[in-house]
Amino acid sequence: MSRSLPPLNALKAFEAAARHVSFTLAAAELNVTHAAVSRHIRDLEAWLGIKLFVRTGRGVELTERGKGYAAEVTRGLDILGHATDSASGRRRRTQKLVVSVEPSFAALWMIPRLGRFTAANPEIELVLDSTNRLADFARDEADVGIRYGRGGWSGIAADRLVQTHMTPVCSPALLEASSIRSPADLPATLLLQEESRRDWIEWLTAAGIAQSVSPGGPTLGLHLTVPAAEAGQGFALADEIIAGDALVSGRLVRPFAVTVDGYGYYVVRAADRKETRAMAALRLWLEAEVAATVAAVAAATAQKSAPRRRRPS
């Protein structure tokens with residue numbers, strides 16, 4: 001079977017540059033010059049007919065197509081490495097990677113996809129530390145973390161995975177059975193609250209109804225409001241990542257266009273710690289999976305609208 005493959009050295013240079021987001025660090029890892037890495041990248045871009053990197057004032061950044069390609073190339077090179085080790089009788093050394101992640105992201109989005117990461121990276125022993133507390137990389141065991149927020153944390157190197165759009169979600173049945181047609185119609189007792197967060201206040205303010213509507217529903221754990229909304233117990237505030245699978249399947253709908261923006265999910269580590277191959281493999285996998293989720297939610301939203309019930313005449 002004929003295969004259309006670019007030169008292996010170009011792929012290795014691209015994978016290293018994508019992992020480090022730096023031609024200089026890639027050159028150091030591969031023991032070649034910066035110019036050699038740059039030439040390999042140019043040759044690969046010409047071979048593919050697409051742009052993989054764009055230059056910025058701080059260095060280089062992967063394009064969206066470059067991010068997706070990097071995840072696949074890393075996976076492919078790992079498969080080649082496993083095959084080579086198997087044929088030679090050598091065993092690859094297991095790399096332990098401790099990831100600090102909040103419970104809602106872990107339970108509602110990451111766990112259902114975890115098998116794809118372990119299948120592609122069997123040499124990485126992933127340990128998830130599901131906690132609401134922000135990891136202290138100077139004291140904790142965590143190697144990397146996945147944080148939700150606006151970024152700009154002191155002493156932290158942060159790579160944003162996605163900017164989110166937070167808005168109420170509910171079950172189609174709840175919306176169909178109600179007379180709710182605008183944010184002002186929301187009953188306070190159906191606004192499901194999350195402990196340690198004031199997200200509803202932000203959203204109600206963005207909707208212009210903070211003075212007339214206040215959250216008065218039950219307070220649940222951080223990973224419980226979305227399942228409660230799926231069960232028809234009220235409205236949860238969620239973004240397209242946490243609620244993504246339920247929005248795609250139709251178990252949840254977004255009845256309003258008002259969103260709170262500016263937040264996002266980030267892969268974080270100590271600013272003075274170099275990104276390891278295991279860290280980079282996780283980051284690239286997360287980027288590809290998050291992009292797929294956002295695309296799936298956008299496609300599902302375009303195909304269907306939330307069910308609405310007409311007011312009785």
# chains A, B, ... in the order shown; residues from 1 in each chain; ligands from 1

call {"tool": "select_by_dssp", "arguments": {"residues": "stretch 78-193 of chain A", "states": "alpha helix (DSSP H)", "output": "JSON, numbers by chain"}}
result
{"A": [78, 79, 80, 81, 82, 83, 84, 85, 86, 87, 88, 103, 104, 105, 114, 115, 116, 117, 118, 119, 120, 172, 173, 174, 175, 176, 177]}

call {"tool": "residues_around", "arguments": {"residues": "stretch 239-253 of chain A", "least_positions_apart": "5", "cutoff": "9 Å", "atoms": "only C-alpha atoms", "output": "CSV table (one decimal) with all heavy atoms, in the first residue's frame"}}
result
chain,number,residue,atom,x,y,z
A,104,SER,N,-15.7,19.1,38.2
A,104,SER,CA,-16.7,19.2,37.1
A,104,SER,C,-16.0,18.9,35.8
A,104,SER,O,-16.6,18.2,35.0
A,104,SER,CB,-17.4,20.6,37.1
A,104,SER,OG,-16.4,21.6,37.1
A,105,PHE,N,-14.8,19.5,35.6
A,105,PHE,CA,-14.1,19.2,34.3
A,105,PHE,C,-13.7,17.7,34.2
A,105,PHE,O,-13.8,17.1,33.2
A,105,PHE,CB,-12.9,20.1,34.3
A,105,PHE,CG,-12.1,20.0,33.0
A,105,PHE,CD1,-12.5,20.9,31.9
A,105,PHE,CD2,-11.1,19.1,32.7
A,105,PHE,CE1,-11.8,20.9,30.7
A,105,PHE,CE2,-10.4,19.1,31.5
A,105,PHE,CZ,-10.8,19.9,30.5
A,107,ALA,N,-15.1,15.0,35.9
A,107,ALA,CA,-16.2,14.1,35.8
A,107,ALA,C,-17.1,14.2,34.5
A,107,ALA,O,-17.5,13.2,33.9
A,107,ALA,CB,-17.1,14.3,37.0
A,108,LEU,N,-17.3,15.5,34.1
A,108,LEU,CA,-18.3,15.7,33.0
A,108,LEU,C,-17.6,15.7,31.6
A,108,LEU,O,-18.3,15.5,30.6
A,108,LEU,CB,-19.0,17.0,33.2
A,108,LEU,CG,-19.9,17.0,34.5
A,108,LEU,CD1,-20.5,18.4,34.6
A,108,LEU,CD2,-20.9,15.9,34.5
A,109,TRP,N,-16.3,16.0,31.5
A,109,TRP,CA,-15.7,16.1,30.2
A,109,TRP,C,-14.4,15.2,30.1
A,109,TRP,O,-14.3,14.4,29.1
A,109,TRP,CB,-15.2,17.5,29.9
A,109,TRP,CG,-14.7,17.7,28.5
A,109,TRP,CD1,-15.5,17.9,27.4
A,109,TRP,CD2,-13.4,17.6,28.1
A,109,TRP,NE1,-14.7,18.0,26.3
A,109,TRP,CE2,-13.4,17.8,26.7
A,109,TRP,CE3,-12.2,17.4,28.7
A,109,TRP,CZ2,-12.2,17.8,25.9
A,109,TRP,CZ3,-11.0,17.3,28.0
A,109,TRP,CH2,-11.0,17.5,26.6
A,162,VAL,N,-9.2,27.0,25.6
A,162,VAL,CA,-10.4,27.5,24.9
A,162,VAL,C,-11.0,28.6,25.8
A,162,VAL,O,-10.9,28.6,27.0
A,162,VAL,CB,-11.4,26.4,24.7
A,162,VAL,CG1,-12.0,25.9,26.1
A,162,VAL,CG2,-12.6,26.8,23.9
A,164,THR,N,-14.4,30.3,26.9
A,164,THR,CA,-15.7,29.7,27.1
A,164,THR,C,-16.8,30.8,27.1
A,164,THR,O,-16.5,32.0,27.2
A,164,THR,CB,-15.8,28.9,28.4
A,164,THR,OG1,-15.5,29.8,29.5
A,164,THR,CG2,-14.8,27.8,28.4
A,165,HIS,N,-18.0,30.3,26.9
A,165,HIS,CA,-19.2,31.2,26.9
A,165,HIS,C,-20.2,30.5,27.9
A,165,HIS,O,-20.9,29.5,27.5
A,165,HIS,CB,-19.8,31.3,25.5
A,165,HIS,CG,-18.7,31.6,24.5
A,165,HIS,ND1,-18.3,32.9,24.3
A,165,HIS,CD2,-18.1,30.9,23.6
A,165,HIS,CE1,-17.4,32.9,23.4
A,165,HIS,NE2,-17.2,31.7,22.9
A,166,MET,N,-20.4,31.1,29.0
A,166,MET,CA,-21.2,30.6,30.1
A,166,MET,C,-22.6,31.1,30.0
A,166,MET,O,-22.9,32.3,29.9
A,166,MET,CB,-20.6,30.9,31.4
A,166,MET,CG,-21.3,30.2,32.6
A,166,MET,SD,-20.3,30.5,34.1
A,166,MET,CE,-20.2,32.3,34.2
A,167,THR,N,-23.6,30.1,30.1
A,167,THR,CA,-25.0,30.5,29.9
A,167,THR,C,-25.9,29.4,30.6
A,167,THR,O,-25.4,28.3,30.8
A,167,THR,CB,-25.4,30.7,28.4
A,167,THR,OG1,-26.7,31.3,28.3
A,167,THR,CG2,-25.4,29.3,27.7
A,168,PRO,N,-27.1,29.7,30.9
A,168,PRO,CA,-28.0,28.7,31.6
A,168,PRO,C,-28.2,27.5,30.6
A,168,PRO,O,-28.4,27.7,29.4
A,168,PRO,CB,-29.2,29.4,31.9
A,168,PRO,CG,-28.8,30.9,32.0
A,168,PRO,CD,-27.8,31.0,31.0
A,169,VAL,N,-28.3,26.3,31.2
A,169,VAL,CA,-28.7,25.1,30.4
A,169,VAL,C,-29.8,24.4,31.2
A,169,VAL,O,-29.9,24.5,32.4
A,169,VAL,CB,-27.6,24.2,30.1
A,169,VAL,CG1,-26.5,24.8,29.2
A,169,VAL,CG2,-26.9,23.7,31.4
A,170,CYS,N,-30.7,23.7,30.5
A,170,CYS,CA,-31.8,23.0,31.2
A,170,CYS,C,-32.2,21.8,30.3
A,170,CYS,O,-31.8,21.7,29.1
A,170,CYS,CB,-32.9,23.9,31.5
A,170,CYS,SG,-33.8,24.5,30.0
A,171,SER,N,-33.0,21.0,30.8
A,171,SER,CA,-33.5,19.9,30.0
A,171,SER,C,-34.6,20.4,29.1
A,171,SER,O,-35.3,21.3,29.4
A,171,SER,CB,-34.1,18.8,30.9
A,171,SER,OG,-35.3,19.2,31.5
A,172,PRO,N,-34.7,19.8,27.9
A,172,PRO,CA,-35.8,20.2,26.9
A,172,PRO,C,-37.2,20.1,27.6
A,172,PRO,O,-38.0,20.9,27.3
A,172,PRO,CB,-35.6,19.3,25.8
A,172,PRO,CG,-34.2,18.8,25.8
A,172,PRO,CD,-33.8,18.8,27.3
A,175,LEU,N,-38.0,23.0,29.9
A,175,LEU,CA,-38.4,24.2,29.1
A,175,LEU,C,-39.7,24.1,28.4
A,175,LEU,O,-40.5,25.1,28.4
A,175,LEU,CB,-37.2,24.5,28.1
A,175,LEU,CG,-37.2,25.9,27.4
A,175,LEU,CD1,-37.0,26.9,28.5
A,175,LEU,CD2,-36.2,26.0,26.4
A,226,VAL,N,-24.9,20.3,36.6
A,226,VAL,CA,-25.2,19.9,35.2
A,226,VAL,C,-26.1,18.6,35.2
A,226,VAL,O,-27.1,18.5,34.5
A,226,VAL,CB,-24.0,19.8,34.3
A,226,VAL,CG1,-24.3,19.1,33.0
A,226,VAL,CG2,-23.4,21.2,34.1
A,229,ALA,N,-29.5,19.5,36.2
A,229,ALA,CA,-30.2,20.1,35.1
A,229,ALA,C,-30.7,19.1,34.1
A,229,ALA,O,-31.9,19.2,33.6
A,229,ALA,CB,-29.4,21.2,34.4
A,230,GLU,N,-29.9,18.1,33.8
A,230,GLU,CA,-30.3,17.0,32.9
A,230,GLU,C,-31.5,16.3,33.4
A,230,GLU,O,-32.4,15.8,32.6
A,230,GLU,CB,-29.1,16.0,32.7
A,230,GLU,CG,-28.0,16.6,31.8
A,230,GLU,CD,-27.0,15.5,31.5
A,230,GLU,OE1,-27.4,14.3,31.2
A,230,GLU,OE2,-25.8,15.7,31.6
A,231,ALA,N,-31.6,16.2,34.7
A,231,ALA,CA,-32.7,15.4,35.4
A,231,ALA,C,-33.9,16.3,35.5
A,231,ALA,O,-34.9,15.9,36.1
A,231,ALA,CB,-32.2,14.9,36.8
A,259,THR,N,-24.6,35.4,27.3
A,259,THR,CA,-23.4,34.6,27.8
A,259,THR,C,-22.5,35.5,28.6
A,259,THR,O,-22.5,36.7,28.5
A,259,THR,CB,-22.6,33.9,26.7
A,259,THR,OG1,-22.0,35.0,25.9
A,259,THR,CG2,-23.5,33.0,25.8
A,290,VAL,N,-10.7,19.4,23.0
A,290,VAL,CA,-11.5,20.5,23.3
A,290,VAL,C,-12.0,21.2,22.0
A,290,VAL,O,-13.2,21.5,21.9
A,290,VAL,CB,-10.7,21.6,24.1
A,290,VAL,CG1,-11.3,23.0,24.0
A,290,VAL,CG2,-10.6,21.1,25.6
A,293,THR,N,-14.8,19.1,20.7
A,293,THR,CA,-16.1,19.4,21.5
A,293,THR,C,-16.7,20.7,21.1
A,293,THR,O,-17.9,20.7,20.9
A,293,THR,CB,-15.7,19.4,23.0
A,293,THR,OG1,-15.2,18.2,23.4
A,293,THR,CG2,-17.0,19.8,23.8
A,294,VAL,N,-15.9,21.7,20.9
A,294,VAL,CA,-16.5,23.0,20.5
A,294,VAL,C,-17.1,22.9,19.2
A,294,VAL,O,-18.2,23.5,18.9
A,294,VAL,CB,-15.4,24.1,20.5
A,294,VAL,CG1,-15.9,25.4,19.9
A,294,VAL,CG2,-14.9,24.4,21.9
A,296,ALA,N,-18.4,20.2,17.7
A,296,ALA,CA,-19.6,19.4,17.8
A,296,ALA,C,-20.7,20.2,18.4
A,296,ALA,O,-21.9,20.1,17.9
A,296,ALA,CB,-19.3,18.2,18.7
A,297,VAL,N,-20.5,21.0,19.4
A,297,VAL,CA,-21.5,21.8,20.0
A,297,VAL,C,-22.1,22.8,19.0
A,297,VAL,O,-23.3,23.1,18.9
A,297,VAL,CB,-21.0,22.5,21.3
A,297,VAL,CG1,-22.1,23.5,21.8
A,297,VAL,CG2,-20.8,21.5,22.4
A,298,ALA,N,-21.1,23.5,18.3
A,298,ALA,CA,-21.5,24.5,17.3
A,298,ALA,C,-22.4,23.8,16.2
A,298,ALA,O,-23.4,24.4,15.8
A,298,ALA,CB,-20.3,25.1,16.7
A,299,ALA,N,-22.0,22.6,15.8
A,299,ALA,CA,-22.8,22.0,14.7
A,299,ALA,C,-24.2,21.6,15.2
A,299,ALA,O,-25.2,21.7,14.5
A,299,ALA,CB,-22.0,20.7,14.3
A,300,ALA,N,-24.2,21.1,16.5
A,300,ALA,CA,-25.5,20.7,17.1
A,300,ALA,C,-26.4,21.9,17.3
A,300,ALA,O,-27.6,21.8,17.0
A,300,ALA,CB,-25.3,20.0,18.4
A,301,THR,N,-25.8,23.0,17.7
A,301,THR,CA,-26.6,24.2,17.9
A,301,THR,C,-27.2,24.7,16.6
A,301,THR,O,-28.3,25.2,16.5
A,301,THR,CB,-25.8,25.3,18.6
A,301,THR,OG1,-25.3,24.8,19.8
A,301,THR,CG2,-26.6,26.5,18.9
A,305,SER,N,-32.8,24.1,17.5
A,305,SER,CA,-33.0,25.2,18.4
A,305,SER,C,-33.7,24.7,19.6
A,305,SER,O,-34.4,23.6,19.6
A,305,SER,CB,-33.9,26.3,17.8
A,305,SER,OG,-35.1,25.8,17.4
A,306,ALA,N,-33.6,25.4,20.7
A,306,ALA,CA,-34.3,24.9,21.9
A,306,ALA,C,-35.8,24.9,21.8
A,306,ALA,O,-36.4,25.8,21.2
A,306,ALA,CB,-33.9,25.9,23.1
A,307,PRO,N,-36.5,23.9,22.3
A,307,PRO,CA,-38.0,23.8,22.1
A,307,PRO,C,-38.6,24.9,22.9
A,307,PRO,O,-38.2,25.2,24.0
A,307,PRO,CB,-38.3,22.5,22.7
A,307,PRO,CG,-37.2,22.1,23.6
A,307,PRO,CD,-36.0,22.7,23.0

call {"tool": "atom_distance", "arguments": {"atom1": "atom CA of A:Asp136", "atom2": "atom CA of A:Ile156"}}
result
9.9 Å

call {"tool": "closest_atom_pairs", "arguments": {"of": "stretch 58-117 of chain A", "to": "stretch 264-284 of chain A", "cutoff": "9 Å", "atoms": "only C-alpha atoms", "output": "tab-separated table"}}
result
residue	atom	partner	partner_atom	distance
A:Lys67	CA	A:Leu284	CA	7.1
A:Gly68	CA	A:Leu284	CA	8.1
A:Ala70	CA	A:Leu284	CA	7.1
A:Ala71	CA	A:Leu284	CA	5.3
A:Thr74	CA	A:Ala281	CA	7.2
A:Arg75	CA	A:Ala281	CA	8.4
A:Gln95	CA	A:Ala278	CA	7.1
A:Lys96	CA	A:Ala278	CA	8.2
A:Leu97	CA	A:Ala278	CA	6.9
A:Phe117	CA	A:Leu282	CA	7.7

call {"tool": "residues_around", "arguments": {"residues": "A:Ser22", "least_positions_apart": "4", "cutoff": "10 Å", "atoms": "only C-alpha atoms", "output": "ChimeraX atom specification"}}
result
/A:14,16-18,26-27,34,37,58-62

call {"tool": "select_by_dssp", "arguments": {"residues": "stretch 135-234 of chain A", "states": "strand (DSSP E)", "output": "number ranges by chain"}}
result
A: 144-149, 156-163, 167-169, 193-194, 219-220

call {"tool": "write_last_selection", "arguments": {"atoms": "all heavy atoms", "output": "compact mmCIF listing (two decimals), in the first residue's frame"}}
result
# COMPACT_ATOMS: atom_id res chain seq x y z
N VAL A 144 1.12 19.24 36.54
CA VAL A 144 0.38 20.23 35.77
C VAL A 144 -1.02 20.33 36.34
O VAL A 144 -1.46 19.47 37.12
CB VAL A 144 0.30 19.88 34.26
CG1 VAL A 144 1.66 19.88 33.62
CG2 VAL A 144 -0.40 18.55 34.06
N GLY A 145 -1.73 21.37 35.94
CA GLY A 145 -3.11 21.53 36.36
C GLY A 145 -3.96 22.00 35.21
O GLY A 145 -3.45 22.49 34.19
N ILE A 146 -5.26 21.84 35.36
CA ILE A 146 -6.22 22.39 34.40
C ILE A 146 -7.08 23.36 35.18
O ILE A 146 -7.81 22.96 36.09
CB ILE A 146 -7.07 21.29 33.75
CG1 ILE A 146 -6.17 20.28 33.04
CG2 ILE A 146 -8.07 21.90 32.77
CD1 ILE A 146 -6.88 19.04 32.55
N ARG A 147 -6.94 24.63 34.87
CA ARG A 147 -7.63 25.67 35.63
C ARG A 147 -8.67 26.38 34.77
O ARG A 147 -8.50 26.55 33.56
CB ARG A 147 -6.63 26.71 36.15
CG ARG A 147 -5.80 26.25 37.32
CD ARG A 147 -4.99 27.40 37.90
NE ARG A 147 -4.10 26.95 38.96
CZ ARG A 147 -3.25 27.73 39.59
NH1 ARG A 147 -3.17 29.02 39.25
NH2 ARG A 147 -2.46 27.25 40.54
N TYR A 148 -9.71 26.82 35.47
CA TYR A 148 -10.76 27.63 34.85
C TYR A 148 -10.64 29.04 35.40
O TYR A 148 -10.50 29.24 36.60
CB TYR A 148 -12.13 27.04 35.20
CG TYR A 148 -13.30 27.86 34.71
CD1 TYR A 148 -13.74 27.77 33.40
CD2 TYR A 148 -13.98 28.72 35.58
CE1 TYR A 148 -14.82 28.51 32.95
CE2 TYR A 148 -15.06 29.46 35.15
CZ TYR A 148 -15.47 29.35 33.83
OH TYR A 148 -16.54 30.09 33.39
N GLY A 149 -10.65 30.02 34.52
CA GLY A 149 -10.55 31.40 34.98
C GLY A 149 -10.20 32.34 33.85
O GLY A 149 -10.42 32.03 32.67
N ILE A 156 2.91 31.31 37.22
CA ILE A 156 2.32 30.17 36.50
C ILE A 156 2.50 30.35 34.99
O ILE A 156 2.25 31.43 34.45
CB ILE A 156 0.81 30.05 36.81
CG1 ILE A 156 0.60 29.71 38.29
CG2 ILE A 156 0.13 29.02 35.92
CD1 ILE A 156 1.14 28.36 38.70
N ALA A 157 2.93 29.29 34.32
CA ALA A 157 2.92 29.25 32.86
C ALA A 157 1.59 28.65 32.44
O ALA A 157 1.25 27.53 32.86
CB ALA A 157 4.07 28.40 32.34
N ALA A 158 0.80 29.37 31.67
CA ALA A 158 -0.55 28.94 31.33
C ALA A 158 -0.76 28.95 29.81
O ALA A 158 -0.48 29.94 29.15
CB ALA A 158 -1.58 29.86 31.99
N ASP A 159 -1.25 27.82 29.30
CA ASP A 159 -1.62 27.70 27.89
C ASP A 159 -3.13 27.56 27.81
O ASP A 159 -3.69 26.58 28.32
CB ASP A 159 -0.96 26.48 27.25
CG ASP A 159 0.55 26.61 27.20
OD1 ASP A 159 1.04 27.52 26.50
OD2 ASP A 159 1.25 25.80 27.84
N ARG A 160 -3.79 28.54 27.20
CA ARG A 160 -5.25 28.49 27.15
C ARG A 160 -5.72 27.44 26.15
O ARG A 160 -5.29 27.41 24.99
CB ARG A 160 -5.83 29.86 26.77
CG ARG A 160 -7.36 29.92 26.96
CD ARG A 160 -7.90 31.30 26.75
NE ARG A 160 -7.87 31.69 25.35
CZ ARG A 160 -8.23 32.87 24.89
NH1 ARG A 160 -8.63 33.80 25.76
NH2 ARG A 160 -8.17 33.17 23.61
N LEU A 161 -6.62 26.60 26.60
CA LEU A 161 -7.21 25.58 25.74
C LEU A 161 -8.36 26.15 24.93
O LEU A 161 -8.51 25.87 23.74
CB LEU A 161 -7.72 24.40 26.57
CG LEU A 161 -6.68 23.58 27.32
CD1 LEU A 161 -7.36 22.61 28.27
CD2 LEU A 161 -5.79 22.82 26.32
N VAL A 162 -9.20 26.95 25.59
CA VAL A 162 -10.38 27.49 24.92
C VAL A 162 -10.95 28.64 25.75
O VAL A 162 -10.85 28.64 26.98
CB VAL A 162 -11.45 26.38 24.74
CG1 VAL A 162 -11.96 25.88 26.09
CG2 VAL A 162 -12.61 26.84 23.87
N GLN A 163 -11.52 29.62 25.07
CA GLN A 163 -12.29 30.64 25.76
C GLN A 163 -13.74 30.19 25.78
O GLN A 163 -14.27 29.73 24.76
CB GLN A 163 -12.19 31.99 25.05
CG GLN A 163 -13.01 33.08 25.74
CD GLN A 163 -12.81 34.45 25.12
OE1 GLN A 163 -11.69 34.83 24.82
NE2 GLN A 163 -13.89 35.19 24.92
N THR A 167 -23.60 30.15 30.07
CA THR A 167 -25.00 30.50 29.94
C THR A 167 -25.85 29.42 30.60
O THR A 167 -25.37 28.30 30.80
CB THR A 167 -25.38 30.66 28.44
OG1 THR A 167 -26.65 31.28 28.32
CG2 THR A 167 -25.39 29.32 27.74
N PRO A 168 -27.11 29.71 30.94
CA PRO A 168 -27.95 28.67 31.55
C PRO A 168 -28.24 27.53 30.59
O PRO A 168 -28.38 27.73 29.38
CB PRO A 168 -29.24 29.43 31.89
CG PRO A 168 -28.83 30.86 32.01
CD PRO A 168 -27.76 31.03 30.98
N VAL A 169 -28.33 26.33 31.15
CA VAL A 169 -28.74 25.14 30.40
C VAL A 169 -29.82 24.43 31.22
O VAL A 169 -29.87 24.54 32.45
CB VAL A 169 -27.56 24.18 30.14
CG1 VAL A 169 -26.53 24.82 29.24
CG2 VAL A 169 -26.93 23.71 31.45
N GLN A 193 -27.41 26.38 42.14
CA GLN A 193 -26.19 27.09 42.51
C GLN A 193 -25.04 26.11 42.78
O GLN A 193 -25.25 25.00 43.24
CB GLN A 193 -26.42 27.92 43.77
CG GLN A 193 -27.55 28.93 43.60
CD GLN A 193 -27.78 29.70 44.89
OE1 GLN A 193 -27.07 30.67 45.17
NE2 GLN A 193 -28.77 29.30 45.65
N GLU A 194 -23.84 26.60 42.48
CA GLU A 194 -22.63 25.82 42.78
C GLU A 194 -21.93 26.44 43.96
O GLU A 194 -21.79 27.66 44.06
CB GLU A 194 -21.69 25.80 41.58
CG GLU A 194 -22.23 25.02 40.40
CD GLU A 194 -21.19 24.89 39.30
OE1 GLU A 194 -20.17 25.59 39.36
OE2 GLU A 194 -21.43 24.10 38.38
N THR A 219 -28.09 24.53 46.57
CA THR A 219 -26.66 24.63 46.34
C THR A 219 -26.06 23.23 46.27
O THR A 219 -26.23 22.43 47.19
CB THR A 219 -25.98 25.42 47.47
OG1 THR A 219 -26.52 26.76 47.49
CG2 THR A 219 -24.48 25.50 47.25
N LEU A 220 -25.37 22.93 45.17
CA LEU A 220 -24.85 21.60 44.92
C LEU A 220 -23.34 21.64 44.74
O LEU A 220 -22.76 22.71 44.56
CB LEU A 220 -25.51 21.01 43.66
CG LEU A 220 -27.03 21.03 43.62
CD1 LEU A 220 -27.52 20.58 42.26
CD2 LEU A 220 -27.60 20.16 44.73

call {"tool": "closest_residue", "arguments": {"among": "A:Arg19, A:Trp153, A:Pro6, A:Leu77", "to": "A:Trp47", "atoms": "only C-alpha atoms"}}
result
A:Pro6

call {"tool": "decode", "arguments": {"residues": "stretch 205-212 of chain A", "atoms": "all heavy atoms", "output": "PDB file, in the first residue's frame"}}
result
ATOM      1  N   THR A 205     -26.448  39.762  35.860  1.00  0.00           N
ATOM      2  CA  THR A 205     -26.039  41.137  35.568  1.00  0.00           C
ATOM      3  C   THR A 205     -25.902  41.343  34.071  1.00  0.00           C
ATOM      4  O   THR A 205     -26.360  42.364  33.516  1.00  0.00           O
ATOM      5  CB  THR A 205     -24.712  41.458  36.271  1.00  0.00           C
ATOM      6  OG1 THR A 205     -24.864  41.305  37.688  1.00  0.00           O
ATOM      7  CG2 THR A 205     -24.262  42.877  35.969  1.00  0.00           C
ATOM      8  N   ALA A 206     -25.290  40.384  33.376  1.00  0.00           N
ATOM      9  CA  ALA A 206     -25.142  40.478  31.922  1.00  0.00           C
ATOM     10  C   ALA A 206     -26.498  40.485  31.228  1.00  0.00           C
ATOM     11  O   ALA A 206     -26.681  41.139  30.194  1.00  0.00           O
ATOM     12  CB  ALA A 206     -24.299  39.307  31.404  1.00  0.00           C
ATOM     13  N   ALA A 207     -27.466  39.771  31.811  1.00  0.00           N
ATOM     14  CA  ALA A 207     -28.812  39.719  31.235  1.00  0.00           C
ATOM     15  C   ALA A 207     -29.644  40.934  31.618  1.00  0.00           C
ATOM     16  O   ALA A 207     -30.760  41.117  31.101  1.00  0.00           O
ATOM     17  CB  ALA A 207     -29.523  38.445  31.688  1.00  0.00           C
ATOM     18  N   GLY A 208     -29.122  41.781  32.519  1.00  0.00           N
ATOM     19  CA  GLY A 208     -29.825  43.000  32.915  1.00  0.00           C
ATOM     20  C   GLY A 208     -30.952  42.772  33.892  1.00  0.00           C
ATOM     21  O   GLY A 208     -31.855  43.611  34.006  1.00  0.00           O
ATOM     22  N   ILE A 209     -30.926  41.653  34.634  1.00  0.00           N
ATOM     23  CA  ILE A 209     -32.039  41.345  35.541  1.00  0.00           C
ATOM     24  C   ILE A 209     -31.553  41.049  36.958  1.00  0.00           C
ATOM     25  O   ILE A 209     -32.287  40.450  37.757  1.00  0.00           O
ATOM     26  CB  ILE A 209     -32.868  40.148  35.016  1.00  0.00           C
ATOM     27  CG1 ILE A 209     -31.955  38.933  34.793  1.00  0.00           C
ATOM     28  CG2 ILE A 209     -33.604  40.519  33.741  1.00  0.00           C
ATOM     29  CD1 ILE A 209     -32.724  37.664  34.466  1.00  0.00           C
ATOM     30  N   ALA A 210     -30.340  41.457  37.292  1.00  0.00           N
ATOM     31  CA  ALA A 210     -29.792  41.148  38.609  1.00  0.00           C
ATOM     32  C   ALA A 210     -30.596  41.789  39.735  1.00  0.00           C
ATOM     33  O   ALA A 210     -30.589  41.293  40.867  1.00  0.00           O
ATOM     34  CB  ALA A 210     -28.336  41.600  38.693  1.00  0.00           C
ATOM     35  N   GLN A 211     -31.281  42.885  39.446  1.00  0.00           N
ATOM     36  CA  GLN A 211     -32.063  43.559  40.474  1.00  0.00           C
ATOM     37  C   GLN A 211     -33.405  42.892  40.723  1.00  0.00           C
ATOM     38  O   GLN A 211     -34.008  43.065  41.787  1.00  0.00           O
ATOM     39  CB  GLN A 211     -32.293  45.026  40.072  1.00  0.00           C
ATOM     40  CG  GLN A 211     -31.019  45.830  39.883  1.00  0.00           C
ATOM     41  CD  GLN A 211     -30.148  45.830  41.112  1.00  0.00           C
ATOM     42  OE1 GLN A 211     -30.626  46.021  42.225  1.00  0.00           O
ATOM     43  NE2 GLN A 211     -28.848  45.610  40.919  1.00  0.00           N
ATOM     44  N   SER A 212     -33.886  42.108  39.766  1.00  0.00           N
ATOM     45  CA  SER A 212     -35.218  41.513  39.899  1.00  0.00           C
ATOM     46  C   SER A 212     -35.201  40.002  40.099  1.00  0.00           C
ATOM     47  O   SER A 212     -36.182  39.422  40.564  1.00  0.00           O
ATOM     48  CB  SER A 212     -36.066  41.834  38.653  1.00  0.00           C
ATOM     49  OG  SER A 212     -35.418  41.380  37.471  1.00  0.00           O
TER      50      SER A 212
END
